[in-house]
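Asks: Contents of query_19.cif (mmCIF, C-alpha atoms):
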data_protein
#
loop_
_atom_site.label_atom_id
_atom_site.label_comp_id
_atom_site.auth_asym_id
_atom_site.auth_seq_id
_atom_site.Cartn_x
_atom_site.Cartn_y
_atom_site.Cartn_z
CA MET A 558 -25.81 -24.92 27.53
CA ASN A 559 -25.71 -22.40 24.69
CA PRO A 560 -22.76 -20.09 24.35
CA GLN A 561 -23.51 -16.69 25.81
CA TRP A 562 -23.93 -14.80 22.55
CA ASP A 563 -24.59 -11.45 24.21
CA ILE A 564 -21.14 -11.57 25.80
CA ILE A 565 -19.57 -12.84 22.57
CA GLY A 566 -21.25 -10.11 20.50
CA SER A 567 -20.22 -7.35 22.85
CA GLU A 568 -16.64 -8.66 23.05
CA GLY A 569 -16.51 -8.93 19.26
CA PHE A 570 -17.40 -5.25 18.82
CA LYS A 571 -14.82 -4.22 21.42
CA PHE A 572 -12.16 -6.36 19.74
CA MET A 573 -12.94 -5.03 16.28
CA GLY A 574 -12.87 -1.46 17.59
CA LYS A 575 -9.57 -1.95 19.40
CA MET A 576 -7.88 -3.44 16.33
CA ASN A 577 -9.29 -0.77 14.00
CA ALA A 578 -8.13 2.02 16.29
CA SER A 579 -4.64 0.54 16.49
CA ILE A 580 -4.39 -0.04 12.73
CA SER A 581 -5.68 3.43 11.86
CA HIS A 582 -3.23 4.98 14.30
CA GLU A 583 -0.38 3.14 12.62
CA ILE A 584 -1.53 4.22 9.16
CA LYS A 585 -1.64 7.81 10.40
CA ASN A 586 1.95 7.48 11.60
CA VAL A 587 3.04 6.19 8.20
CA LEU A 588 1.22 9.04 6.44
CA ALA A 589 2.86 11.52 8.80
CA ILE A 590 6.34 10.21 7.94
CA ILE A 591 5.59 10.32 4.21
CA ASN A 592 4.17 13.81 4.64
CA GLU A 593 7.29 15.14 6.41
CA ASN A 594 9.72 13.49 3.99
CA ALA A 595 7.77 14.79 1.00
CA GLY A 596 7.84 18.19 2.71
CA LEU A 597 11.61 17.94 3.05
CA LEU A 598 11.87 17.27 -0.70
CA GLU A 599 9.84 20.42 -1.24
CA ASP A 600 12.15 22.35 1.14
CA PHE A 601 15.18 21.16 -0.86
CA MET A 602 13.64 22.31 -4.11
CA LEU A 603 12.99 25.75 -2.62
CA MET A 604 16.63 25.86 -1.49
CA VAL A 605 17.78 24.91 -4.99
CA GLU A 606 15.70 27.78 -6.37
CA LYS A 607 17.62 30.05 -3.99
CA GLY A 608 20.95 28.75 -5.34
CA VAL A 609 21.81 26.04 -2.77
CA PRO A 610 23.43 23.10 -4.63
CA LEU A 611 21.32 19.96 -4.98
CA ASP A 612 22.46 17.07 -2.75
CA SER A 613 21.50 14.05 -4.86
CA GLU A 614 22.58 11.56 -2.19
CA ARG A 615 20.24 13.21 0.30
CA LEU A 616 17.38 13.17 -2.19
CA LYS A 617 17.91 9.45 -2.79
CA LYS A 618 17.78 8.76 0.97
CA LEU A 619 14.51 10.66 1.25
CA ALA A 620 13.01 8.78 -1.69
CA ASP A 621 14.10 5.48 -0.07
CA LYS A 622 12.42 6.47 3.18
CA ILE A 623 9.19 7.27 1.40
CA GLN A 624 9.35 3.93 -0.47
CA SER A 625 9.94 2.03 2.75
CA GLN A 626 6.96 3.72 4.42
CA ILE A 627 4.77 2.87 1.43
CA GLN A 628 5.80 -0.78 1.83
CA ARG A 629 5.04 -0.55 5.55
CA ALA A 630 1.58 0.86 4.77
CA ASP A 631 1.00 -1.91 2.25
CA ARG A 632 1.76 -4.58 4.89
CA ILE A 633 -0.55 -2.87 7.39
CA VAL A 634 -3.40 -2.67 4.89
CA LYS A 635 -2.92 -6.32 3.78
CA ASN A 636 -3.15 -7.47 7.41
CA MET A 637 -6.14 -5.23 7.98
CA ASN A 638 -7.83 -6.76 4.93
CA THR A 639 -7.16 -10.32 6.12
CA PHE A 640 -8.52 -9.41 9.53
CA ALA A 641 -11.61 -7.71 8.07
CA HIS A 642 -12.42 -10.79 5.98
CA SER A 643 -12.28 -13.08 9.01
CA VAL A 644 -15.90 -12.15 9.76
CA ASP A 645 -17.06 -13.35 6.33
CA LYS A 646 -17.71 -16.93 7.43
CA THR A 647 -18.84 -18.47 10.70
CA LYS A 648 -16.90 -21.61 9.79
CA GLY A 649 -13.71 -21.78 7.78
CA ASN A 650 -10.27 -23.35 7.54
CA VAL A 651 -7.67 -21.57 9.62
CA GLU A 652 -3.93 -22.30 9.55
CA LEU A 653 -2.78 -21.70 13.10
CA GLY A 654 0.79 -20.55 12.30
CA GLU A 655 -0.57 -17.88 9.96
CA LEU A 656 -3.26 -16.88 12.43
CA LEU A 657 -0.76 -16.44 15.28
CA SER A 658 1.46 -14.32 13.03
CA LEU A 659 -1.49 -12.16 12.02
CA MET A 660 -2.64 -11.68 15.60
CA THR A 661 0.82 -10.74 16.86
CA VAL A 662 1.36 -8.29 14.00
CA LEU A 663 -2.04 -6.68 14.67
CA SER A 664 -1.25 -6.45 18.40
CA GLN A 665 2.39 -5.39 18.00
CA ARG A 666 1.81 -1.67 18.46
CA LEU A 667 -0.27 -2.28 21.60
CA ALA A 668 2.48 -4.57 22.93
CA ALA A 669 5.15 -1.97 22.18
CA MET A 670 3.16 0.53 24.28
CA LYS A 671 3.62 -1.84 27.20
CA GLU A 672 7.27 -2.53 26.28
CA LEU A 673 6.54 -6.16 25.43
CA THR A 674 7.45 -8.22 22.40
CA PHE A 675 5.94 -11.32 20.78
CA SER A 676 7.65 -14.26 19.18
CA VAL A 677 5.79 -16.81 17.07
CA VAL A 678 7.31 -20.21 16.43
CA PRO A 679 5.47 -21.55 13.38
CA PRO A 680 4.64 -25.26 13.52
CA PRO A 681 6.97 -27.42 11.35
CA ASP A 682 3.97 -28.48 9.26
CA PRO A 683 0.88 -26.32 8.72
CA ILE A 684 -1.92 -27.00 11.24
CA THR A 685 -5.30 -26.33 9.75
CA ILE A 686 -8.47 -26.42 11.80
CA THR A 687 -12.09 -25.75 10.90
CA THR A 688 -13.48 -23.13 13.21
CA HIS A 689 -15.06 -19.69 13.53
CA PRO A 690 -12.11 -17.51 12.44
CA PHE A 691 -13.21 -14.26 14.06
CA LEU A 692 -14.11 -15.82 17.41
CA LEU A 693 -10.74 -17.55 17.53
CA GLU A 694 -8.96 -14.27 16.74
CA ASN A 695 -10.97 -12.60 19.48
CA MET A 696 -9.99 -15.34 21.95
CA ILE A 697 -6.30 -15.05 21.07
CA TRP A 698 -6.53 -11.28 21.52
CA LEU A 699 -8.09 -11.70 24.98
CA CYS A 700 -5.22 -14.02 25.92
CA LEU A 701 -2.62 -11.57 24.62
CA ASP A 702 -4.35 -8.66 26.33
CA PHE A 703 -4.43 -10.56 29.61
CA ALA A 704 -0.80 -11.63 29.21
CA MET A 705 0.30 -8.07 28.38
CA GLU A 706 -1.63 -6.66 31.32
CA MET A 707 -0.28 -9.15 33.80
CA THR A 708 3.39 -9.37 32.87
CA GLY A 709 5.78 -6.53 33.41
CA PRO A 710 7.62 -4.47 30.82
CA GLY A 711 10.61 -5.94 29.01
CA LYS A 712 9.10 -9.40 28.71
CA SER A 713 8.58 -11.48 25.60
CA LEU A 714 5.50 -13.64 25.03
CA HIS A 715 5.93 -16.77 22.93
CA LEU A 716 3.18 -18.25 20.80
CA THR A 717 3.22 -21.80 19.45
CA ALA A 718 0.74 -24.23 17.92
CA ASP A 719 0.59 -28.01 18.09
CA ALA A 720 -1.87 -30.70 17.04
CA ASP A 721 -2.78 -34.35 16.96
CA ASP A 722 -5.40 -35.95 14.70
CA GLN A 723 -8.42 -34.51 16.49
CA TRP A 724 -7.19 -31.60 18.57
CA ALA A 725 -5.05 -28.57 18.09
CA SER A 726 -3.58 -26.34 20.76
CA ILE A 727 -2.29 -22.81 20.95
CA THR A 728 0.14 -22.02 23.75
CA ILE A 729 1.07 -18.56 24.94
CA SER A 730 4.02 -18.75 27.30
CA GLY A 731 6.25 -16.26 29.07
CA LEU A 732 3.66 -15.13 31.61
CA ASP A 733 6.09 -15.20 34.48
CA GLY A 734 6.71 -12.37 36.92
CA LEU A 735 3.00 -11.62 37.24
CA ARG A 736 2.04 -8.28 38.68
CA ASP A 737 1.23 -8.00 42.40
CA ASN A 738 -2.46 -7.37 41.75
CA PHE A 739 -2.85 -10.65 39.85
CA SER A 740 -5.65 -12.97 40.89
CA SER A 741 -5.76 -16.48 39.41
CA GLU A 742 -9.56 -16.30 39.46
CA ILE A 743 -9.75 -13.70 36.71
CA PHE A 744 -8.60 -15.83 33.78
CA PRO A 745 -10.29 -17.44 31.97
CA GLY A 746 -13.31 -15.34 32.92
CA LYS A 747 -16.88 -15.17 31.62
CA ARG A 748 -16.01 -13.77 28.20
CA GLU A 749 -13.16 -16.22 27.57
CA ASN A 750 -15.32 -19.14 28.67
CA ALA A 751 -18.19 -17.98 26.45
CA LEU A 752 -15.86 -17.76 23.45
CA MET A 753 -14.22 -21.12 24.13
CA GLN A 754 -17.62 -22.71 24.52
CA ALA A 755 -18.65 -21.33 21.11
CA LEU A 756 -15.39 -22.63 19.64
CA GLY A 757 -15.96 -26.03 21.25
CA GLY A 758 -12.69 -25.91 23.13
CA ARG A 759 -11.16 -25.11 26.45
CA ALA A 760 -8.79 -22.47 27.86
CA VAL A 761 -6.46 -23.25 30.74
CA PHE A 762 -4.11 -20.88 32.48
CA ASP A 763 -1.23 -22.73 34.10
CA GLN A 764 0.08 -20.12 36.48
CA SER A 765 3.01 -22.19 37.77
CA ARG A 766 4.35 -22.65 34.23
CA GLY A 767 3.37 -19.15 33.13
CA LYS A 768 1.36 -20.25 30.11
CA ILE A 769 -2.12 -20.24 28.63
CA VAL A 770 -3.18 -23.24 26.56
CA LEU A 771 -6.17 -23.16 24.23
CA SER A 772 -7.38 -26.61 23.16
CA LEU A 773 -9.46 -26.56 20.00
CA PRO A 774 -11.17 -29.26 17.97
CA ARG A 775 -9.72 -29.61 14.48
CA GLU A 776 -13.29 -30.14 13.26
CA PRO A 777 -16.34 -28.72 15.10
CA GLY A 778 -17.71 -32.23 15.86
CA ALA A 779 -14.78 -33.09 18.12
CA GLN A 780 -16.37 -30.94 20.83
CA LYS A 781 -18.54 -33.93 21.76
CA ASP A 782 -15.44 -36.08 22.32
CA LEU A 783 -14.13 -33.60 24.89
CA LYS A 784 -17.43 -33.75 26.78
CA ALA A 785 -17.61 -37.53 26.48
CA ALA A 786 -14.12 -37.82 27.92
CA GLY A 787 -15.36 -35.86 30.93
CA GLU A 788 -12.81 -33.18 30.08
CA MET B 1346 12.42 36.91 15.58
CA THR B 1347 13.85 35.29 18.72
CA GLU B 1348 14.89 31.69 18.17
CA ARG B 1349 12.19 29.48 19.67
CA LYS B 1350 13.36 26.45 21.59
CA VAL B 1351 11.22 23.42 20.94
CA LEU B 1352 11.41 19.89 22.29
CA LEU B 1353 9.82 17.45 19.84
CA ILE B 1354 8.87 14.04 21.31
CA ASP B 1355 7.75 11.08 19.21
CA ASP B 1356 8.71 7.40 19.09
CA GLU B 1357 8.66 7.25 15.27
CA LEU B 1358 12.29 8.06 14.49
CA ASP B 1359 11.81 8.82 10.78
CA PHE B 1360 9.04 11.26 11.68
CA LEU B 1361 11.14 12.91 14.37
CA GLU B 1362 14.10 13.31 12.04
CA ALA B 1363 12.15 14.76 9.10
CA LEU B 1364 9.89 17.11 11.07
CA SER B 1365 12.74 18.45 13.23
CA GLU B 1366 14.79 19.21 10.10
CA ARG B 1367 11.86 21.05 8.52
CA MET B 1368 11.37 23.07 11.70
CA ARG B 1369 15.08 23.92 11.80
CA ASN B 1370 14.89 24.96 8.13
CA ARG B 1371 12.29 27.48 9.33
CA GLY B 1372 14.52 28.96 12.03
CA LEU B 1373 13.51 27.05 15.15
CA ASN B 1374 15.94 25.55 17.64
CA VAL B 1375 14.68 21.97 17.90
CA ALA B 1376 15.77 19.15 20.18
CA THR B 1377 14.31 15.69 19.76
CA ALA B 1378 13.45 12.80 22.08
CA ALA B 1379 12.27 9.35 20.98
CA SER B 1380 10.82 8.42 24.36
CA ALA B 1381 9.34 9.94 27.47
CA LYS B 1382 12.41 9.02 29.52
CA GLU B 1383 14.72 10.72 27.04
CA ALA B 1384 12.47 13.80 26.97
CA ILE B 1385 12.51 14.11 30.76
CA GLN B 1386 16.31 13.85 30.81
CA ILE B 1387 16.72 16.47 28.06
CA ALA B 1388 14.23 18.83 29.70
CA GLN B 1389 16.17 18.62 32.97
CA ARG B 1390 19.33 19.89 31.25
CA GLU B 1391 17.76 22.61 29.12
CA THR B 1392 14.73 24.91 29.23
CA TYR B 1393 12.35 24.93 26.27
CA ASP B 1394 9.62 27.31 25.17
CA VAL B 1395 7.38 24.65 23.68
CA LEU B 1396 6.90 20.89 23.86
CA VAL B 1397 5.43 19.12 20.86
CA LEU B 1398 4.52 15.58 21.80
CA ASP B 1399 2.71 12.46 20.68
CA LEU B 1400 0.09 10.94 22.96
CA ASN B 1401 0.81 7.29 22.17
CA MET B 1402 4.30 6.29 23.16
CA PRO B 1403 5.87 3.20 24.72
CA GLU B 1404 7.12 3.20 28.31
CA MET B 1405 5.03 6.15 29.37
CA ASP B 1406 2.17 7.65 27.41
CA GLY B 1407 2.07 11.26 26.31
CA LEU B 1408 -0.29 12.41 29.06
CA GLU B 1409 1.96 11.13 31.83
CA THR B 1410 4.96 12.66 30.09
CA LEU B 1411 3.09 15.95 29.76
CA LYS B 1412 2.25 16.01 33.48
CA ILE B 1413 5.86 15.38 34.49
CA LEU B 1414 7.36 17.91 32.08
CA LYS B 1415 4.74 20.54 32.91
CA GLY B 1416 5.28 19.85 36.62
CA ASN B 1417 9.02 20.50 36.21
CA ASN B 1418 8.46 23.61 34.10
CA PRO B 1419 4.93 25.08 34.54
CA GLY B 1420 5.67 27.88 32.07
CA ILE B 1421 6.31 25.59 29.14
CA HIS B 1422 3.74 25.52 26.31
CA VAL B 1423 2.48 22.18 25.09
CA ILE B 1424 1.19 21.13 21.69
CA ILE B 1425 -0.09 17.59 21.20
CA LEU B 1426 0.74 16.16 17.78
CA THR B 1427 -0.82 12.75 17.50
CA GLY B 1428 -2.20 10.23 15.03
CA HIS B 1429 -5.66 10.38 16.43
CA ALA B 1430 -6.86 11.99 19.61
CA THR B 1431 -10.20 10.86 21.00
CA VAL B 1432 -12.35 13.56 22.56
CA GLU B 1433 -11.70 12.01 25.98
CA LYS B 1434 -7.94 12.03 25.50
CA GLY B 1435 -8.10 15.56 24.11
CA ILE B 1436 -9.95 16.79 27.19
CA ARG B 1437 -7.51 15.00 29.48
CA ALA B 1438 -4.61 16.54 27.57
CA VAL B 1439 -6.07 20.05 27.91
CA LEU B 1440 -6.76 19.48 31.61
CA SER B 1441 -3.13 18.38 31.97
CA GLY B 1442 -1.91 21.62 30.41
CA ALA B 1443 -1.86 21.12 26.63
CA GLU B 1444 -2.88 24.24 24.73
CA GLU B 1445 -3.17 22.94 21.19
CA ILE B 1446 -3.94 19.57 19.60
CA LEU B 1447 -2.91 18.78 16.04
CA GLU B 1448 -3.54 15.58 14.12
CA LYS B 1449 -0.93 13.80 12.03
CA PRO B 1450 -0.21 14.26 9.20
CA SER B 1451 0.01 17.98 9.89
CA ASN B 1452 1.23 21.03 8.03
CA VAL B 1453 4.58 22.21 9.38
CA ASP B 1454 3.69 25.85 8.78
CA VAL B 1455 0.48 25.50 10.80
CA LEU B 1456 2.51 23.91 13.61
CA ILE B 1457 5.01 26.76 13.55
CA ARG B 1458 2.24 29.38 13.58
CA LYS B 1459 0.80 27.69 16.68
CA ILE B 1460 4.21 27.65 18.36
CA GLU B 1461 4.67 31.32 17.55
CA LYS B 1462 1.19 32.19 18.83
CA LEU B 1463 1.78 30.41 22.14
CA VAL B 1464 5.20 31.95 22.73
CA THR B 1465 3.95 35.43 21.81
CA LYS B 1466 0.97 35.02 24.14
CA LYS B 1467 3.40 34.16 26.93
CA MET B 1468 5.48 37.26 26.21
CA VAL B 1469 2.39 39.51 26.26
CA LYS B 1470 1.37 38.04 29.63
CA VAL B 1471 4.83 38.81 31.05
#
Could you spell out this file's structure in structure tokens?
Replies:
Amino acid sequence: MNPQWDIIGSEGFKFMGKMNASISHEIKNVLAIINENAGLLEDFMLMVEKGVPLDSERLKKLADKIQSQIQRADRIVKNMNTFAHSVDKTKGNVELGELLSLMTVLSQRLAAMKELTFSVVPPPDPITITTHPFLLENMIWLCLDFAMEMTGPGKSLHLTADADDQWASITISGLDGLRDNFSSEIFPGKRENALMQALGGRAVFDQSRGKIVLSLPREPGAQKDLKAAGE
Amino acid sequence: MTERKVLLIDDELDFLEALSERMRNRGLNVATAASAKEAIQIAQRETYDVLVLDLNMPEMDGLETLKILKGNNPGIHVIILTGHATVEKGIRAVLSGAEEILEKPSNVDVLIRKIEKLVTKKMVKV
């Protein structure tokens, strides 16, 4: 069976739009802080012109704030650039620790809106797999979105990666205390299954342990082994 | 000019601090809240002429906050000051009682003119 590319395409656009909206909102916030602090500097200069003594300590604090916001903007733009380039190739090497960090940073603002936090435990040694980078990012986002929607405020979601010679796994845990309206039939749904099929892997939600596990081949060919093993 | 009482609500603390100081420098009486919960508590203790609030905030988004604060004080004027308001959110904000929408980064003097316009309009109505 071929992956359902219409679902994957539509999900990809939604994912890209969601991330872009969140990133641009954050950049706007940074610009707003720089704008107000630069405005305060201007206010101080006008006060000095009127004879109010210059408070050099205060000026230094304002300059530090502006510097720190510029560094914040630089981090946001670097992450945005990494994310944007993930669509360049349909197959590439992805280090899972780095990918999980990127995805949690990109989703941080959306998590904060729901009063949730993420923690990523990087694997002791880098785990590199050959896969479709953007589709994997999209799949991780769907898992995070589901986890954020279904767990209550104040929770923390933990992301880890593991691997053996042929397979790698990504685990998202901390999905306990599911909301009342939760139905175990909704995850993984059509879109998650379509993406995992395209990635040659499998998504399992273990409700009793409160975790989602994504199993992924380290090389695309390993997909056949999973089928041969009868899953 | 009568001192205008403004409640400024935004979860970005550095923004809140800098903008409130600039507004105070221009003669406004400004209280700040870094969350919806804090804003609701402050607004229960004190009456304000104008609310200036962000739409995207943790715990409770700006629209919900707006409905609660407007419900407690129907006469209060509301200005949305947000990073980016979609048309849909803008319409929902207006339907919930917002009278002005400004995008960040904004000009403090434009914001103050809008505050003044809203408060003056209220006084003419009375």
Asks: Under the PyMOL selection byres ((chain B) within 7 of (chain A)), which residues of this model are included? Write them out as a count of residues only.
Replies: 12
Asks: Since I can't run it myself right now, could you work out what the PyMOL selection byres ((chain A and resi 772-775) around 6) selects here and report it as a PyMOL selection string?
Replies: chain A and resi 686-687+723-726+758-759+771+776-777+779
Asks: Between atom CA of Arg1458 of chain B and atom CA of Leu1353 of chain B, what distance in Å does the model show, to one decimal?
Replies: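 Pair atom CA of Arg1458 of chain B / atom CA of Leu1353 of chain B returns 15.5 Å.
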Asks: Care to translate the PyMOL selection byres ((chain B and resi 1374) around 7) into actual residues of this file, as a compact mmCIF listing (two decimals) with C-alpha atoms, keeping the file's coordinate frame?
Replies:
# COMPACT_ATOMS: atom_id res chain seq x y z
CA GLU B 1348 14.89 31.69 18.17
CA ARG B 1349 12.19 29.48 19.67
CA LYS B 1350 13.36 26.45 21.59
CA VAL B 1351 11.22 23.42 20.94
CA ARG B 1369 15.08 23.92 11.80
CA GLY B 1372 14.52 28.96 12.03
CA LEU B 1373 13.51 27.05 15.15
CA VAL B 1375 14.68 21.97 17.90
CA ALA B 1376 15.77 19.15 20.18
Asks: What separation in Å, quoted to one decimal, exists between atom CA of Asn1417 of chain B and atom CA of Glu1448 of chain B?
Replies: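 One can read the atom CA of Asn1417 of chain B to atom CA of Glu1448 of chain B distance as 25.9 Å.
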Asks: Report as a PDB file with C-alpha atoms, in the frame of the given file all protein, DNA and RNA residues lying within 8 Å of Leu752 of chain A, evaluated on all atoms listed in the file, omitting residues in the same chain fewer than 4 positions from it.
Replies:
ATOM      1  CA  PRO A 560     -22.760 -20.090  24.350  1.00  0.00           C
ATOM      2  CA  ILE A 565     -19.570 -12.840  22.570  1.00  0.00           C
ATOM      3  CA  LEU A 692     -14.110 -15.820  17.410  1.00  0.00           C
ATOM      4  CA  LEU A 693     -10.740 -17.550  17.530  1.00  0.00           C
ATOM      5  CA  MET A 696      -9.990 -15.340  21.950  1.00  0.00           C
ATOM      6  CA  ARG A 748     -16.010 -13.770  28.200  1.00  0.00           C
ATOM      7  CA  LEU A 756     -15.390 -22.630  19.640  1.00  0.00           C
TER       8      LEU A 756
END
Asks: Just the number, please: distance in Å from atom CA of Gln624 of chain A to atom CA of Glu1357 of chain B, one decimal.
Replies: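 Between atom CA of Gln624 of chain A and atom CA of Glu1357 of chain B the gap is 16.1 Å.
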Asks: For Gly746 of chain A, please output as a ChimeraX atom specification all residues within 12 Å (counting only C-alpha atoms; exclusion window: fewer than 3 positions along the same chain).
Replies: /A:564,696,699-700,703,740-743,749-754,759-762
Asks: Any chance you could export the current selection's C-alpha atoms as an mmCIF file, in the frame of the given file?
Replies:
data_model
loop_
_atom_site.group_PDB
_atom_site.id
_atom_site.type_symbol
_atom_site.label_atom_id
_atom_site.label_comp_id
_atom_site.auth_asym_id
_atom_site.auth_seq_id
_atom_site.Cartn_x
_atom_site.Cartn_y
_atom_site.Cartn_z
ATOM 1 C CA ILE A 564 -21.140 -11.570 25.800
ATOM 2 C CA MET A 696 -9.990 -15.340 21.950
ATOM 3 C CA LEU A 699 -8.090 -11.700 24.980
ATOM 4 C CA CYS A 700 -5.220 -14.020 25.920
ATOM 5 C CA PHE A 703 -4.430 -10.560 29.610
ATOM 6 C CA SER A 740 -5.650 -12.970 40.890
ATOM 7 C CA SER A 741 -5.760 -16.480 39.410
ATOM 8 C CA GLU A 742 -9.560 -16.300 39.460
ATOM 9 C CA ILE A 743 -9.750 -13.700 36.710
ATOM 10 C CA GLU A 749 -13.160 -16.220 27.570
ATOM 11 C CA ASN A 750 -15.320 -19.140 28.670
ATOM 12 C CA ALA A 751 -18.190 -17.980 26.450
ATOM 13 C CA LEU A 752 -15.860 -17.760 23.450
ATOM 14 C CA MET A 753 -14.220 -21.120 24.130
ATOM 15 C CA GLN A 754 -17.620 -22.710 24.520
ATOM 16 C CA ARG A 759 -11.160 -25.110 26.450
ATOM 17 C CA ALA A 760 -8.790 -22.470 27.860
ATOM 18 C CA VAL A 761 -6.460 -23.250 30.740
ATOM 19 C CA PHE A 762 -4.110 -20.880 32.480
#
Asks: Of the candidates B:Ile1436, B:Gln1389, B:Asp1399, B:Val1464, which shows the shortest atom-to-atom distance to Gly1416 of chain B, using only C-alpha atoms?
Replies: B:Gln1389
Asks: May I have the residues within 10 Å of Thr1410 of chain B as a PyMOL selection string, using all atoms listed in the file and disregarding those fewer than 5 positions away in the same chain?
Replies: chain B and resi 1354+1380-1382+1384-1385+1398-1400+1402+1404-1405+1415-1416
Asks: Please provide as a JSON list (two decimals) with C-alpha atoms, keeping the file's coordinate frame all residues within 8 Å of segment 645-660 of chain A, with the sequence filter that same-chain residues fewer than 3 positions apart are discarded (counting only C-alpha atoms).
Replies:
[["chain", "number", "residue", "atom", "x", "y", "z"],
["A", 636, "ASN", "CA", -3.15, -7.47, 7.41],
["A", 640, "PHE", "CA", -8.52, -9.41, 9.53],
["A", 642, "HIS", "CA", -12.42, -10.79, 5.98],
["A", 663, "LEU", "CA", -2.04, -6.68, 14.67],
["A", 664, "SER", "CA", -1.25, -6.45, 18.40],
["A", 677, "VAL", "CA", 5.79, -16.81, 17.07],
["A", 678, "VAL", "CA", 7.31, -20.21, 16.43],
["A", 679, "PRO", "CA", 5.47, -21.55, 13.38],
["A", 680, "PRO", "CA", 4.64, -25.26, 13.52],
["A", 683, "PRO", "CA", 0.88, -26.32, 8.72],
["A", 684, "ILE", "CA", -1.92, -27.00, 11.24],
["A", 685, "THR", "CA", -5.30, -26.33, 9.75],
["A", 686, "ILE", "CA", -8.47, -26.42, 11.80],
["A", 687, "THR", "CA", -12.09, -25.75, 10.90],
["A", 688, "THR", "CA", -13.48, -23.13, 13.21],
["A", 689, "HIS", "CA", -15.06, -19.69, 13.53],
["A", 690, "PRO", "CA", -12.11, -17.51, 12.44],
["A", 691, "PHE", "CA", -13.21, -14.26, 14.06],
["A", 694, "GLU", "CA", -8.96, -14.27, 16.74],
["A", 697, "ILE", "CA", -6.30, -15.05, 21.07],
["A", 698, "TRP", "CA", -6.53, -11.28, 21.52],
["A", 716, "LEU", "CA", 3.18, -18.25, 20.80],
["A", 717, "THR", "CA", 3.22, -21.80, 19.45],
["A", 718, "ALA", "CA", 0.74, -24.23, 17.92],
["A", 727, "ILE", "CA", -2.29, -22.81, 20.95]]
Asks: Which of these, B:Leu1447, B:Val1455, B:Leu1358, B:Val1439, has the shortest distance to Leu1426 of chain B once you count all atoms listed in the file?
Replies: B:Leu1447
Asks: Once N, CA, C and O atoms are restored for segment 615-625 of chain A, what would the output be as a CSV table (one decimal), in the frame of the given file?
Replies:
chain,number,residue,atom,x,y,z
A,615,ARG,N,21.3,12.9,-0.7
A,615,ARG,CA,20.2,13.2,0.3
A,615,ARG,C,18.8,13.0,-0.3
A,615,ARG,O,18.0,12.4,0.4
A,616,LEU,N,18.7,13.4,-1.5
A,616,LEU,CA,17.4,13.2,-2.2
A,616,LEU,C,17.1,11.7,-2.3
A,616,LEU,O,15.9,11.3,-2.1
A,617,LYS,N,18.1,10.9,-2.6
A,617,LYS,CA,17.9,9.4,-2.8
A,617,LYS,C,17.5,8.8,-1.5
A,617,LYS,O,16.6,8.0,-1.4
A,618,LYS,N,18.1,9.3,-0.4
A,618,LYS,CA,17.8,8.8,1.0
A,618,LYS,C,16.3,9.1,1.3
A,618,LYS,O,15.6,8.2,1.9
A,619,LEU,N,15.9,10.3,1.0
A,619,LEU,CA,14.5,10.7,1.2
A,619,LEU,C,13.5,9.8,0.4
A,619,LEU,O,12.5,9.3,1.0
A,620,ALA,N,13.9,9.6,-0.8
A,620,ALA,CA,13.0,8.8,-1.7
A,620,ALA,C,12.9,7.4,-1.1
A,620,ALA,O,11.9,6.7,-1.1
A,621,ASP,N,14.1,6.8,-0.7
A,621,ASP,CA,14.1,5.5,-0.1
A,621,ASP,C,13.2,5.4,1.2
A,621,ASP,O,12.5,4.4,1.4
A,622,LYS,N,13.3,6.5,2.0
A,622,LYS,CA,12.4,6.5,3.2
A,622,LYS,C,10.9,6.4,2.8
A,622,LYS,O,10.1,5.8,3.5
A,623,ILE,N,10.6,7.2,1.8
A,623,ILE,CA,9.2,7.3,1.4
A,623,ILE,C,8.8,5.9,0.9
A,623,ILE,O,7.7,5.4,1.2
A,624,GLN,N,9.6,5.3,0.1
A,624,GLN,CA,9.4,3.9,-0.5
A,624,GLN,C,9.1,2.9,0.7
A,624,GLN,O,8.2,2.1,0.6
A,625,SER,N,10.0,3.0,1.7
A,625,SER,CA,9.9,2.0,2.8
A,625,SER,C,8.7,2.2,3.6
A,625,SER,O,8.1,1.3,4.0
